[in-house]
$ cat target_38.cif   # mmCIF, C-alpha atoms and all ligand atoms
data_query
loop_
_atom_site.label_atom_id
_atom_site.label_comp_id
_atom_site.auth_asym_id
_atom_site.auth_seq_id
_atom_site.Cartn_x
_atom_site.Cartn_y
_atom_site.Cartn_z
CA MET A 1 63.73 149.27 104.80
CA PRO A 2 61.89 146.58 102.82
CA ASP A 3 60.92 147.29 99.25
CA LEU A 4 57.24 147.90 99.78
CA ARG A 5 54.87 149.72 97.50
CA PHE A 6 51.38 150.75 98.48
CA ASP A 7 48.67 150.20 95.89
CA PRO A 8 46.16 153.00 96.56
CA ILE A 9 43.54 151.33 94.39
CA ARG A 10 43.41 148.04 96.31
CA ARG A 11 44.68 149.78 99.44
CA GLU A 12 47.22 147.08 100.11
CA TRP A 13 50.96 146.67 100.30
CA VAL A 14 53.02 144.73 97.75
CA ALA A 15 56.51 143.51 98.70
CA TYR A 16 59.30 143.35 96.13
CA ALA A 17 61.93 140.73 96.81
CA THR A 18 63.74 140.40 93.51
CA GLU A 19 66.69 138.44 94.92
CA ARG A 20 64.23 135.65 95.71
CA ASN A 21 64.14 134.76 92.03
CA ASP A 22 67.65 133.36 92.39
CA ARG A 23 67.05 131.49 95.63
CA THR A 24 67.94 127.88 96.09
CA PHE A 25 65.37 125.75 94.25
CA LEU A 26 64.98 122.11 95.26
CA PRO A 27 68.70 121.34 95.43
CA THR A 28 69.28 117.62 94.93
CA ASP A 29 72.74 117.18 96.41
CA PHE A 30 72.74 119.63 99.30
CA CYS A 31 70.25 120.85 101.89
CA PRO A 32 70.90 124.25 103.47
CA LEU A 33 68.64 123.32 106.42
CA CYS A 34 70.37 120.06 107.41
CA PRO A 35 72.86 120.36 110.29
CA SER A 36 76.34 120.60 108.75
CA GLY A 37 78.52 120.88 111.88
CA ALA A 38 80.91 123.68 112.85
CA GLY A 39 82.23 125.41 109.74
CA GLY A 40 79.83 123.44 107.54
CA ALA A 41 78.21 124.66 104.36
CA SER A 42 74.56 124.76 105.44
CA GLU A 43 72.71 127.53 107.26
CA VAL A 44 72.76 125.40 110.41
CA GLN A 45 76.38 124.90 111.47
CA LEU A 46 75.56 122.57 114.34
CA ASP A 47 75.96 118.82 114.79
CA THR A 48 72.31 118.49 115.70
CA PHE A 49 69.45 120.47 117.24
CA GLU A 50 65.81 120.18 118.19
CA VAL A 51 64.35 123.34 116.67
CA VAL A 52 66.49 126.11 115.20
CA VAL A 53 65.61 129.64 114.05
CA PHE A 54 67.69 131.78 111.71
CA GLU A 55 67.31 134.76 109.42
CA ASN A 56 66.03 133.94 105.96
CA ARG A 57 68.80 134.55 103.45
CA PHE A 58 66.19 135.42 100.84
CA PRO A 59 63.60 137.40 102.78
CA ALA A 60 60.52 138.98 101.34
CA PHE A 61 60.76 141.66 104.02
CA GLY A 62 63.81 143.06 105.76
CA PRO A 63 66.31 145.84 105.39
CA ASP A 64 69.64 144.13 104.87
CA ARG A 65 69.05 142.06 101.82
CA ASN A 66 71.99 143.36 99.78
CA SER A 67 74.77 141.94 101.94
CA GLY A 68 73.88 138.38 100.93
CA ARG A 69 74.90 137.21 104.39
CA VAL A 70 72.87 135.81 107.21
CA VAL A 71 72.23 138.75 109.45
CA ARG A 72 69.81 139.72 112.15
CA PRO A 73 68.26 142.86 110.72
CA PRO A 74 67.80 145.78 113.08
CA SER A 75 64.16 146.20 112.11
CA THR A 76 61.69 143.95 110.31
CA GLY A 77 62.85 140.41 109.83
CA CYS A 78 62.12 137.16 108.07
CA GLU A 79 63.03 134.05 109.98
CA VAL A 80 63.18 130.38 109.09
CA VAL A 81 62.19 127.87 111.78
CA VAL A 82 63.64 124.42 111.14
CA TYR A 83 61.47 121.84 112.90
CA THR A 84 63.93 118.95 113.08
CA PRO A 85 67.43 117.97 111.90
CA GLU A 86 65.86 115.05 110.00
CA HIS A 87 65.54 115.97 106.36
CA THR A 88 62.79 113.58 105.33
CA MET A 89 60.34 114.19 108.19
CA THR A 90 57.22 116.35 108.04
CA LEU A 91 55.36 118.24 110.74
CA ALA A 92 52.76 115.45 110.79
CA GLN A 93 55.48 112.91 111.63
CA LEU A 94 57.19 114.80 114.44
CA PRO A 95 56.95 113.57 118.02
CA VAL A 96 54.43 115.61 120.00
CA ASP A 97 57.20 116.89 122.31
CA ARG A 98 58.95 118.47 119.34
CA VAL A 99 55.80 120.25 118.22
CA ARG A 100 55.28 121.38 121.81
CA LEU A 101 58.79 122.89 121.69
CA LEU A 102 58.01 124.47 118.33
CA ILE A 103 55.04 126.24 119.94
CA ASP A 104 57.36 127.66 122.61
CA VAL A 105 59.68 128.85 119.84
CA TRP A 106 56.77 130.51 117.99
CA ALA A 107 55.64 132.17 121.24
CA ASP A 108 59.17 133.40 121.90
CA ARG A 109 59.55 134.81 118.38
CA TYR A 110 56.08 136.41 118.56
CA GLN A 111 57.04 138.19 121.76
CA GLU A 112 60.56 139.19 120.76
CA LEU A 113 59.80 140.33 117.22
CA GLY A 114 56.51 141.85 118.31
CA ALA A 115 58.29 143.96 120.95
CA ARG A 116 60.11 145.87 118.21
CA ALA A 117 58.60 149.28 117.63
CA ASP A 118 58.55 148.81 113.85
CA VAL A 119 56.84 145.40 113.83
CA ALA A 120 53.05 145.63 113.60
CA TYR A 121 52.34 141.95 112.93
CA VAL A 122 54.24 138.71 113.50
CA TYR A 123 53.04 136.35 110.82
CA ILE A 124 53.88 132.68 111.49
CA PHE A 125 53.26 130.21 108.68
CA GLU A 126 54.37 127.08 106.91
CA ASN A 127 54.37 126.32 103.21
CA LYS A 128 54.54 122.58 102.65
CA GLY A 129 54.98 120.74 99.37
CA GLU A 130 56.04 121.47 95.82
CA GLU A 131 52.41 122.18 94.85
CA ILE A 132 52.63 125.19 97.18
CA GLY A 133 55.90 126.29 95.57
CA VAL A 134 58.21 125.14 98.34
CA THR A 135 61.85 125.39 97.34
CA LEU A 136 63.30 123.26 100.17
CA HIS A 137 61.78 120.00 101.39
CA HIS A 138 63.44 119.97 104.82
CA PRO A 139 60.60 120.52 107.33
CA HIS A 140 60.50 124.18 108.20
CA GLY A 141 58.20 127.14 108.62
CA GLN A 142 58.68 130.85 108.37
CA ILE A 143 58.03 134.01 110.34
CA TYR A 144 57.56 137.42 108.76
CA ALA A 145 57.81 140.38 111.11
CA MET A 146 55.68 142.80 109.12
CA PRO A 147 55.61 146.58 109.43
CA PHE A 148 51.84 146.59 108.81
CA VAL A 149 48.86 144.37 109.65
CA PRO A 150 48.34 142.21 106.54
CA PRO A 151 44.93 142.43 104.85
CA PHE A 152 43.42 139.06 105.82
CA ALA A 153 44.26 139.63 109.48
CA ALA A 154 43.07 143.24 109.24
CA ALA A 155 39.73 142.17 107.72
CA GLU A 156 39.17 139.54 110.44
CA LEU A 157 40.08 141.99 113.18
CA GLN A 158 37.73 144.64 111.78
CA ALA A 159 34.87 142.11 111.69
CA ALA A 160 35.70 141.01 115.23
CA ARG A 161 35.81 144.60 116.42
CA ASP A 162 32.42 145.37 114.86
CA HIS A 163 30.92 142.21 116.38
CA ARG A 164 32.32 143.06 119.78
CA LYS A 165 30.89 146.56 119.56
CA SER A 166 27.42 145.34 118.66
CA THR A 167 27.20 142.21 120.86
CA GLY A 168 29.89 142.59 123.52
CA ARG A 169 31.20 139.15 122.55
CA CYS A 170 34.11 137.74 120.55
CA LEU A 171 33.21 136.87 116.96
CA HIS A 172 35.60 133.92 116.96
CA CYS A 173 34.27 132.57 120.28
CA ASP A 174 30.76 132.77 118.81
CA GLU A 175 31.80 131.00 115.58
CA LEU A 176 33.62 128.37 117.60
CA SER A 177 30.66 127.65 119.86
CA SER A 178 28.41 127.22 116.83
CA GLU A 179 30.87 124.66 115.40
CA LEU A 180 31.22 122.56 118.58
CA ASP A 181 29.10 119.43 118.17
CA GLY A 182 28.12 120.58 114.67
CA PRO A 183 28.55 118.72 111.37
CA ARG A 184 31.84 120.39 110.51
CA LEU A 185 33.66 119.64 113.77
CA LEU A 186 36.73 117.39 113.42
CA PHE A 187 37.53 117.16 117.12
CA ALA A 188 37.48 119.12 120.35
CA ASP A 189 39.48 118.38 123.49
CA ASP A 190 39.87 120.28 126.76
CA SER A 191 41.40 123.36 125.22
CA MET A 192 41.46 123.07 121.41
CA ALA A 193 38.91 122.50 118.66
CA ALA A 194 39.32 121.91 114.91
CA PHE A 195 36.64 122.26 112.24
CA VAL A 196 36.07 122.91 108.57
CA PRO A 197 34.68 126.45 108.62
CA ASN A 198 31.14 127.10 107.47
CA ALA A 199 32.40 129.26 104.59
CA ALA A 200 35.56 127.26 103.77
CA ARG A 201 37.31 128.59 100.66
CA TRP A 202 39.45 125.50 100.14
CA PRO A 203 37.75 122.08 100.03
CA TYR A 204 39.76 120.69 102.96
CA GLU A 205 40.34 123.94 104.84
CA VAL A 206 40.57 123.38 108.61
CA HIS A 207 40.79 125.93 111.42
CA VAL A 208 42.23 125.10 114.84
CA TYR A 209 41.12 127.29 117.75
CA PRO A 210 41.95 127.52 121.43
CA ARG A 211 38.59 127.24 123.19
CA ARG A 212 39.58 129.93 125.66
CA HIS A 213 39.60 133.50 124.36
CA VAL A 214 43.36 133.96 123.84
CA GLY A 215 44.81 136.75 121.70
CA SER A 216 48.19 135.33 120.78
CA ILE A 217 50.36 132.25 120.91
CA GLY A 218 52.28 133.88 123.74
CA ASP A 219 49.13 133.86 125.89
CA LEU A 220 48.61 130.07 125.77
CA ASP A 221 49.29 128.27 129.04
CA ALA A 222 51.28 125.03 129.28
CA ALA A 223 48.27 122.72 128.98
CA GLU A 224 46.96 124.65 125.98
CA ARG A 225 50.36 124.50 124.29
CA ALA A 226 50.42 120.73 124.72
CA ASP A 227 46.89 120.46 123.32
CA LEU A 228 47.74 122.73 120.38
CA ALA A 229 50.74 120.53 119.57
CA SER A 230 48.46 117.48 119.53
CA ALA A 231 45.84 119.32 117.48
CA LEU A 232 48.31 120.43 114.78
CA LEU A 233 49.67 116.87 114.53
CA ARG A 234 46.17 115.51 114.34
CA VAL A 235 45.10 117.83 111.51
CA ALA A 236 48.27 117.32 109.43
CA GLY A 237 48.16 113.57 110.11
CA THR A 238 44.49 113.38 109.11
CA TYR A 239 45.27 114.97 105.75
CA ASP A 240 48.00 112.39 105.13
CA LYS A 241 45.64 109.55 106.01
CA HIS A 242 42.80 110.97 103.93
CA PHE A 243 44.80 111.55 100.77
CA GLY A 244 47.23 108.65 101.26
CA PHE A 245 50.31 110.81 100.75
CA SER A 246 52.19 113.52 102.56
CA THR A 247 49.71 116.31 101.89
CA PRO A 248 50.84 119.80 100.93
CA TYR A 249 49.27 122.75 102.70
CA VAL A 250 49.64 126.32 103.77
CA MET A 251 49.41 126.66 107.56
CA ALA A 252 48.71 130.25 108.66
CA MET A 253 48.55 131.60 112.21
CA HIS A 254 46.27 134.58 112.85
CA GLN A 255 46.60 136.45 116.12
CA ALA A 256 46.80 139.86 117.76
CA PRO A 257 48.90 142.52 116.02
CA THR A 258 51.95 143.86 117.86
CA ASP A 259 51.53 147.50 116.88
CA GLY A 260 51.28 148.83 120.41
CA GLN A 261 47.49 149.00 120.46
CA THR A 262 45.32 146.65 122.50
CA TRP A 263 43.42 143.99 120.58
CA PRO A 264 40.76 142.53 122.89
CA GLU A 265 38.88 141.28 119.80
CA ALA A 266 41.79 139.12 118.57
CA HIS A 267 41.44 135.36 119.04
CA LEU A 268 44.40 133.18 118.10
CA HIS A 269 43.78 130.47 115.51
CA VAL A 270 45.62 128.40 112.92
CA GLU A 271 44.23 127.91 109.41
CA PHE A 272 45.24 125.06 107.09
CA TYR A 273 44.69 125.31 103.33
CA PRO A 274 45.60 122.14 101.44
CA PRO A 275 45.48 122.79 97.66
CA HIS A 276 44.02 119.37 96.77
CA ARG A 277 40.33 119.00 95.99
CA ARG A 278 40.84 115.28 95.29
CA ALA A 279 43.89 113.06 95.66
CA ASP A 280 44.60 113.55 91.95
CA ARG A 281 43.34 117.11 91.45
CA LEU A 282 44.48 120.48 92.70
CA LYS A 283 42.24 123.46 93.19
CA HIS A 284 43.71 126.29 91.15
CA LEU A 285 42.97 129.90 91.85
CA ALA A 286 41.57 131.23 88.59
CA GLY A 287 39.38 133.96 87.14
CA VAL A 288 36.78 134.20 89.87
CA GLU A 289 39.21 133.89 92.80
CA LEU A 290 42.02 136.01 91.34
CA GLY A 291 40.02 138.46 89.27
CA ALA A 292 36.95 138.93 91.45
CA GLY A 293 38.14 137.83 94.89
CA THR A 294 35.35 135.27 95.33
CA PHE A 295 36.18 131.64 96.03
CA VAL A 296 34.28 128.90 94.26
CA ASN A 297 34.45 125.66 96.27
CA ASP A 298 33.41 122.40 94.56
CA THR A 299 32.65 120.62 97.82
CA LYS A 300 30.39 121.20 100.81
CA PRO A 301 32.31 121.83 104.04
CA GLU A 302 30.01 119.33 105.86
CA ASP A 303 31.03 116.61 103.37
CA THR A 304 34.76 117.23 103.58
CA ALA A 305 34.50 117.39 107.38
CA ALA A 306 32.82 113.95 107.36
CA GLN A 307 35.57 112.61 105.08
CA LEU A 308 38.27 113.96 107.38
CA ARG A 309 36.57 112.50 110.48
CA ARG A 310 36.53 109.12 108.74
CA ALA A 311 40.19 109.45 107.77
CA ALA A 312 41.14 110.39 111.34
CA ARG A 313 39.78 107.03 112.54
CA LYS A 314 41.96 105.09 110.08
CA ARG A 315 45.20 103.56 111.21
CA PRO A 316 48.17 105.59 110.01
CA GLU A 317 49.47 104.08 106.78
CA THR A 318 51.65 106.76 105.28
CA THR A 319 52.90 108.09 108.59
CA PRO A 320 55.60 106.26 110.54
CA ALA A 321 55.23 105.12 114.13
CA ARG A 322 54.86 107.94 116.59
CA THR A 323 55.98 108.28 120.15
CA THR A 324 53.63 107.15 122.87
CA GLY A 325 52.79 110.77 123.60
CA ALA A 326 51.75 111.43 120.02
CA ALA A 327 49.85 108.18 119.63
CA LYS A 328 47.31 109.23 122.22
CA THR A 329 46.35 112.19 120.03
CA LEU A 330 45.07 109.76 117.41
CA ASN A 331 42.36 108.30 119.63
ZN ZN B 401 67.74 118.88 105.00
ZN ZN B 402 37.37 134.72 121.39
ZN ZN B 403 41.88 133.73 110.40
#

$ encode --input "target_38.cif" --output "structure tokens" --more "lines below"
Ligand SMILES: [Zn+2]
Ligand SMILES: [Zn+2]
Ligand SMILES: [Zn+2]
Amino acid sequence: MPDLRFDPIRREWVAYATERNDRTFLPTDFCPLCPSGAGGASEVQLDTFEVVVFENRFPAFGPDRNSGRVVRPPSTGCEVVVYTPEHTMTLAQLPVDRVRLLIDVWADRYQELGARADVAYVYIFENKGEEIGVTLHHPHGQIYAMPFVPPFAAAELQAARDHRKSTGRCLHCDELSSELDGPRLLFADDSMAAFVPNAARWPYEVHVYPRRHVGSIGDLDAAERADLASALLRVAGTYDKHFGFSTPYVMAMHQAPTDGQTWPEAHLHVEFYPPHRRADRLKHLAGVELGAGTFVNDTKPEDTAAQLRRAARKRPETTPARTTGAAKTLN
């Protein structure tokens, strides 16, 4: 089982993954995520691929960490999702069809990992950029199949459950409807909407929501998956245009737990947290955030939303030409 300790004072789990200290750190001559062909040296022994998923060799969770080999653990797992064989791309630069495929892969992993009896939460995320502490530049995300519901998801679900009990409605649907046509909205199409939340912790935090009440990525229909692909490209591309460089971020997916209970209050959404507060300044988590748990944000969410709307209208400068399908998402 994973090395987990429960802190009874904070009432939260801490994972110990000591092997991770020795993991590959920004190798200059070799990329373990590039396709290396049959018998090759990388983790992906294929000539090419579209999207590939494999077990993380240095997982934060998972039972079989001592073998040092790539294995599919019998219980909780950590997976790496490689978005493209092309080393220098980013999510923002992928063709929309590839992101659409990525969403199918996420949905598949959510369902398969979530079906395991010992997996309570399938956490899908991406860390992008050295500022976030990324050790490999090749575009990829990660999936942690967690044996408990992590605290941010648990807090949101508790709030949503309370709201549902007192109003009969979904908290997220209510928040979303108050953002549509408001000053923090970035865009809304048939099935997706993106906005800077009213109480954004990070200056350029953006949340992407399906407009329909959908609990998990597996519940999205084909049209919604296509719109989510466009929406993710649009948000990541807007950051790049706003800052003028390939912008680092954490992308976190929040959705229904897979612990066997029903979660009618869960509403799928994707949260982006870029660490920059200006092109030349990072927001650091310091005394108030780390020691008191309260975020201090130097900017008003309405102002950053206006900046991002302006950036979205700019022609792409730092991003290469997209496919026709993706270009329409920039309108
Ligand atoms: Zn690579
Ligand atoms: Zn909802
Ligand atoms: Zn959330």

$ residues_around --input "target_38.cif" --residues "Gly168 (chain A)" --least-positions-apart "6" --cutoff "10 Å" --atoms "all atoms listed in the file" --output "compact mmCIF listing (two decimals) with C-alpha atoms, in the frame of the given file"
# COMPACT_ATOMS: atom_id res chain seq x y z
CA ARG A 161 35.81 144.60 116.42
CA ASP A 162 32.42 145.37 114.86
CA GLU A 265 38.88 141.28 119.80

$ residues_near_point --input "target_38.cif" --point "(41.1, 148.4, 120.8)" --cutoff "12 Å" --atoms "all atoms listed in the file" --output "list of chain:residue names"
A:Leu157, A:Gln158, A:Ala160, A:Arg161, A:Asp162, A:Arg164, A:Lys165, A:Ala256, A:Pro257, A:Asp259, A:Gly260, A:Gln261, A:Thr262, A:Trp263, A:Pro264, A:Glu265, A:Ala266

$ atom_distance --input "target_38.cif" --atom1 "CA of Leu101 (chain A)" --atom2 "CA of Ala229 (chain A)"
8.7 Å

$ residues_around --input "target_38.cif" --residues "region 39-47 of chain A" --least-positions-apart "2" --cutoff "10 Å" --atoms "only C-alpha atoms" --output "list in words"
Phe30, Cys31, Pro32, Leu33, Cys34, Pro35, Ser36, Gly37, Phe49, Val52, Val53, Phe54, Glu55, Asn56, Arg57, Val70, Val82 and Pro85 of chain A

$ axis_aligned_box --input "target_38.cif" --around "region 193-198 of chain A" --padding-each-side "3 Å" --output "JSON"
{"center_x": 35.2, "center_y": 124.5, "center_z": 113.1, "size_x": 14.2, "size_y": 11.2, "size_z": 17.2}

$ residues_around --input "target_38.cif" --residues "Thr90 (chain A)" --least-positions-apart "4" --cutoff "9 Å" --atoms "all atoms listed in the file" --output "PyMOL selection string"
chain A and resi 83-84+86+94+128+137-140+246

$ atom_distance --input "target_38.cif" --atom1 "CA of Asn297 (chain A)" --atom2 "CA of His284 (chain A)"
10.6 Å

$ residues_near_ligand --input "target_38.cif" --ligand "ligand ZN 403 (chain B)" --cutoff "10 Å" --atoms "all atoms listed in the file" --output "list in words"
Phe152, Ala153, Ala154, Ala155, Glu156, Leu157, His172, His207, Val208, Tyr209, Ala252, Met253, His254, Gln255, Ala266, His267, Leu268, His269, Val270, Glu271 and Phe272 of chain A

$ residues_around --input "target_38.cif" --residues "region 298-314 of chain A" --least-positions-apart "5" --cutoff "7 Å" --atoms "all atoms listed in the file" --output "PyMOL selection string"
chain A and resi 183-186+196-198+200+203-204+238+241-242

$ closest_residue --input "target_38.cif" --among "A:Ala92, A:Cys78, A:Ala107, A:Ala120" --to "Phe245 (chain A)" --atoms "only C-alpha atoms"
A:Ala92

$ atom_distance --input "target_38.cif" --atom1 "CA of Gly293 (chain A)" --atom2 "CA of Ala199 (chain A)"
14.2 Å

$ closest_residue --input "target_38.cif" --among "A:Val80, A:Leu136, A:Leu176, A:Val105" --to "ligand ZN 401 (chain B)" --atoms "only C-alpha atoms and all ligand atoms"
A:Leu136

$ closest_residue --input "target_38.cif" --among "A:Ala145, A:Asp104, A:Val134, A:Gly218" --to "Asp118 (chain A)" --atoms "all atoms listed in the file"
A:Ala145

$ closest_residue --input "target_38.cif" --among "A:Arg201, A:Arg278, A:Arg225, A:His163" --to "ligand ZN 402 (chain B)" --atoms "only C-alpha atoms and all ligand atoms"
A:His163

$ closest_residue --input "target_38.cif" --among "A:Asn127, A:Ser230, A:Thr247, A:Ser216" --to "ligand ZN 402 (chain B)" --atoms "all atoms listed in the file"
A:Ser216

$ closest_residue --input "target_38.cif" --among "A:Pro210, A:Phe295, A:Gly182, A:Cys170" --to "ligand ZN 402 (chain B)" --atoms "only C-alpha atoms and all ligand atoms"
A:Cys170

$ build_atoms --input "target_38.cif" --residues "region 86-98 of chain A" --atoms "N, CA and C atoms" --output "PDB file, keeping the file's coordinate frame"
ATOM      1  N   GLU A  86      66.087 116.167 110.935  1.00  0.00           N
ATOM      2  CA  GLU A  86      65.860 115.050 110.000  1.00  0.00           C
ATOM      3  C   GLU A  86      65.198 115.533 108.722  1.00  0.00           C
ATOM      4  N   HIS A  87      65.911 115.374 107.641  1.00  0.00           N
ATOM      5  CA  HIS A  87      65.540 115.970 106.360  1.00  0.00           C
ATOM      6  C   HIS A  87      64.217 115.446 105.797  1.00  0.00           C
ATOM      7  N   THR A  88      63.936 114.170 106.025  1.00  0.00           N
ATOM      8  CA  THR A  88      62.790 113.580 105.330  1.00  0.00           C
ATOM      9  C   THR A  88      61.497 113.567 106.159  1.00  0.00           C
ATOM     10  N   MET A  89      61.558 114.156 107.367  1.00  0.00           N
ATOM     11  CA  MET A  89      60.340 114.190 108.190  1.00  0.00           C
ATOM     12  C   MET A  89      59.374 115.254 107.667  1.00  0.00           C
ATOM     13  N   THR A  90      58.158 115.244 108.243  1.00  0.00           N
ATOM     14  CA  THR A  90      57.220 116.350 108.040  1.00  0.00           C
ATOM     15  C   THR A  90      56.662 116.722 109.409  1.00  0.00           C
ATOM     16  N   LEU A  91      55.995 117.847 109.475  1.00  0.00           N
ATOM     17  CA  LEU A  91      55.360 118.240 110.740  1.00  0.00           C
ATOM     18  C   LEU A  91      54.484 117.116 111.273  1.00  0.00           C
ATOM     19  N   ALA A  92      53.705 116.501 110.385  1.00  0.00           N
ATOM     20  CA  ALA A  92      52.760 115.450 110.790  1.00  0.00           C
ATOM     21  C   ALA A  92      53.460 114.261 111.441  1.00  0.00           C
ATOM     22  N   GLN A  93      54.751 114.085 111.142  1.00  0.00           N
ATOM     23  CA  GLN A  93      55.480 112.910 111.630  1.00  0.00           C
ATOM     24  C   GLN A  93      56.315 113.215 112.871  1.00  0.00           C
ATOM     25  N   LEU A  94      56.352 114.454 113.295  1.00  0.00           N
ATOM     26  CA  LEU A  94      57.190 114.800 114.440  1.00  0.00           C
ATOM     27  C   LEU A  94      56.600 114.253 115.735  1.00  0.00           C
ATOM     28  N   PRO A  95      57.465 113.924 116.697  1.00  0.00           N
ATOM     29  CA  PRO A  95      56.950 113.570 118.020  1.00  0.00           C
ATOM     30  C   PRO A  95      56.243 114.767 118.639  1.00  0.00           C
ATOM     31  N   VAL A  96      55.237 114.509 119.454  1.00  0.00           N
ATOM     32  CA  VAL A  96      54.430 115.610 120.000  1.00  0.00           C
ATOM     33  C   VAL A  96      55.290 116.562 120.835  1.00  0.00           C
ATOM     34  N   ASP A  97      56.322 116.029 121.503  1.00  0.00           N
ATOM     35  CA  ASP A  97      57.200 116.890 122.310  1.00  0.00           C
ATOM     36  C   ASP A  97      57.907 117.934 121.452  1.00  0.00           C
ATOM     37  N   ARG A  98      58.254 117.535 120.231  1.00  0.00           N
ATOM     38  CA  ARG A  98      58.950 118.470 119.340  1.00  0.00           C
ATOM     39  C   ARG A  98      58.006 119.590 118.889  1.00  0.00           C
TER      40      ARG A  98
END
